[in-house]
Amino acid sequence: GITNGLVPRIVLAKICQDYYLSNTAQAALSGDSVVNSLEMDLPEDLVAKGFGSLWQVCENNGAALSPALNQFAQQIRTEKELRQELSSSMSGAKLSAWVLAGLPLFGIVLAGFLGVNSLQWLSNSSIGNYNIIAALVLEITGIIWVTRITSRIENLL
């Protein structure tokens, strides 16, 4: 609507009413700060803060709003695509980590199918007890480590 020659604040007010952003719709019609009203309507939304800042800069400096908004929308689409690509790349790494975490259990089950009772040896011998303790400590440490690494990367998204 902004590119069709309509008054930008009226178009913004109509769009805000459609999305139930009452403070921003009222600010758009009354001439108040769009940035402050967006902060009240969407307090933790970084995209809304970026939009409000862009709106304010264009309005205060007389810059063309439509090309700036098109560039902003393109940037948001690019960031979304990068997040999706990184998320899909992370899913393979997460799956690999869980498969590796399950390999010791798979080995015990496979040994049982081959006729070796490895659980009896692990539970009855002193070396087996140490091996169980070491395996559990390493397994838990590995799971915590992988979870922290993946959560840090996901938090960057």
# chains A, B, ... in the order shown; residues from 1 in each chain; ligands from 1
>>> closest_atom_pairs(of="stretch 39-120 of chain A", to="stretch 141-153 of chain A", cutoff="9 Å", atoms="only C-alpha atoms", output="Markdown table")
| residue | atom | partner | partner_atom | distance |
| --- | --- | --- | --- | --- |
| A:Leu86 | CA | A:Ile153 | CA | 8.8 |
| A:Met90 | CA | A:Thr150 | CA | 7.3 |
| A:Ala93 | CA | A:Thr150 | CA | 8.5 |
| A:Lys94 | CA | A:Thr150 | CA | 7.5 |
| A:Ala97 | CA | A:Val146 | CA | 7.0 |
| A:Trp98 | CA | A:Ile143 | CA | 7.9 |
| A:Ala101 | CA | A:Ile143 | CA | 7.2 |
>>> write_last_selection(atoms="all heavy atoms", output="CSV table (one decimal), in the first residue's frame")
chain,number,residue,atom,x,y,z
A,86,LEU,N,20.7,-23.3,8.8
A,86,LEU,CA,21.6,-23.7,10.0
A,86,LEU,C,20.8,-24.7,10.8
A,86,LEU,O,21.4,-25.7,11.3
A,86,LEU,CB,21.9,-22.5,10.8
A,86,LEU,CG,22.9,-22.7,12.0
A,86,LEU,CD1,24.2,-23.3,11.5
A,86,LEU,CD2,23.1,-21.4,12.7
A,90,MET,N,22.1,-28.4,11.7
A,90,MET,CA,22.2,-28.9,13.1
A,90,MET,C,21.5,-30.2,13.4
A,90,MET,O,21.9,-30.9,14.2
A,90,MET,CB,21.7,-27.8,14.1
A,90,MET,CG,22.6,-26.6,14.2
A,90,MET,SD,24.2,-27.1,14.8
A,90,MET,CE,23.7,-27.7,16.4
A,93,ALA,N,23.7,-33.1,12.9
A,93,ALA,CA,24.7,-33.2,14.0
A,93,ALA,C,24.1,-33.8,15.3
A,93,ALA,O,24.7,-34.6,16.0
A,93,ALA,CB,25.4,-31.9,14.2
A,94,LYS,N,22.9,-33.3,15.6
A,94,LYS,CA,22.2,-33.8,16.8
A,94,LYS,C,21.9,-35.3,16.7
A,94,LYS,O,22.1,-36.0,17.6
A,94,LYS,CB,20.9,-33.0,17.0
A,94,LYS,CG,21.0,-31.7,17.5
A,94,LYS,CD,19.6,-31.1,17.7
A,94,LYS,CE,19.6,-29.7,18.1
A,94,LYS,NZ,18.2,-29.2,18.2
A,97,ALA,N,25.0,-37.3,17.2
A,97,ALA,CA,25.4,-37.3,18.6
A,97,ALA,C,24.6,-38.4,19.4
A,97,ALA,O,25.1,-39.1,20.2
A,97,ALA,CB,25.3,-36.0,19.2
A,98,TRP,N,23.3,-38.4,19.1
A,98,TRP,CA,22.4,-39.4,19.8
A,98,TRP,C,22.7,-40.8,19.4
A,98,TRP,O,22.6,-41.7,20.2
A,98,TRP,CB,21.0,-39.0,19.7
A,98,TRP,CG,20.6,-37.8,20.5
A,98,TRP,CD1,20.3,-36.6,20.1
A,98,TRP,CD2,20.5,-37.8,21.9
A,98,TRP,NE1,20.1,-35.7,21.1
A,98,TRP,CE2,20.2,-36.4,22.3
A,98,TRP,CE3,20.7,-38.7,23.0
A,98,TRP,CZ2,20.0,-36.1,23.6
A,98,TRP,CZ3,20.5,-38.3,24.3
A,98,TRP,CH2,20.2,-37.0,24.6
A,101,ALA,N,25.8,-41.8,21.2
A,101,ALA,CA,25.5,-42.0,22.6
A,101,ALA,C,24.8,-43.4,22.8
A,101,ALA,O,25.0,-44.0,23.8
A,101,ALA,CB,24.6,-40.9,23.1
>>> closest_atom_pairs(of="stretch 34-53 of chain A", to="stretch 64-72 of chain A", cutoff="10 Å", atoms="only C-alpha atoms", output="JSON lines")
{"residue": "A:Val47", "atom": "CA", "partner": "A:Phe72", "partner_atom": "CA", "distance": 9.5}
{"residue": "A:Gly50", "atom": "CA", "partner": "A:Phe72", "partner_atom": "CA", "distance": 8.6}
{"residue": "A:Phe51", "atom": "CA", "partner": "A:Phe72", "partner_atom": "CA", "distance": 7.8}
>>> closest_residue(among="A:Glu154, A:Ile108, A:Ser53, A:Gly128", to="A:Gln84", atoms="only C-alpha atoms")
A:Glu154
>>> atom_distance(atom1="atom CA of A:Ile133", atom2="atom CA of A:Leu100")
18.1 Å
>>> residues_around(residues="A:Leu29", least_positions_apart="5", cutoff="9 Å", atoms="only C-alpha atoms", output="list in words")
Arg9, Ile10, Leu12, Ala13 and Thr24 of chain A
>>> closest_residue(among="A:Ser89, A:Leu42, A:Ala48, A:Ile132", to="A:Ala73", atoms="only C-alpha atoms")
A:Ala48
>>> atom_distance(atom1="atom CA of A:Ser87", atom2="atom CA of A:Lys49")
24.4 Å
>>> atom_distance(atom1="atom CA of A:Gly115", atom2="atom CA of A:Leu103")
18.4 Å
>>> residues_around(residues="A:Pro104", least_positions_apart="2", cutoff="12 Å", atoms="only C-alpha atoms", output="JSON, numbers by chain")
{"A": [98, 99, 100, 101, 102, 106, 107, 108, 109, 110, 111, 118, 119, 131, 132, 135, 136, 138, 139]}
>>> residues_around(residues="A:Gly31", least_positions_apart="3", cutoff="12 Å", atoms="only C-alpha atoms", output="count of residues only")
17
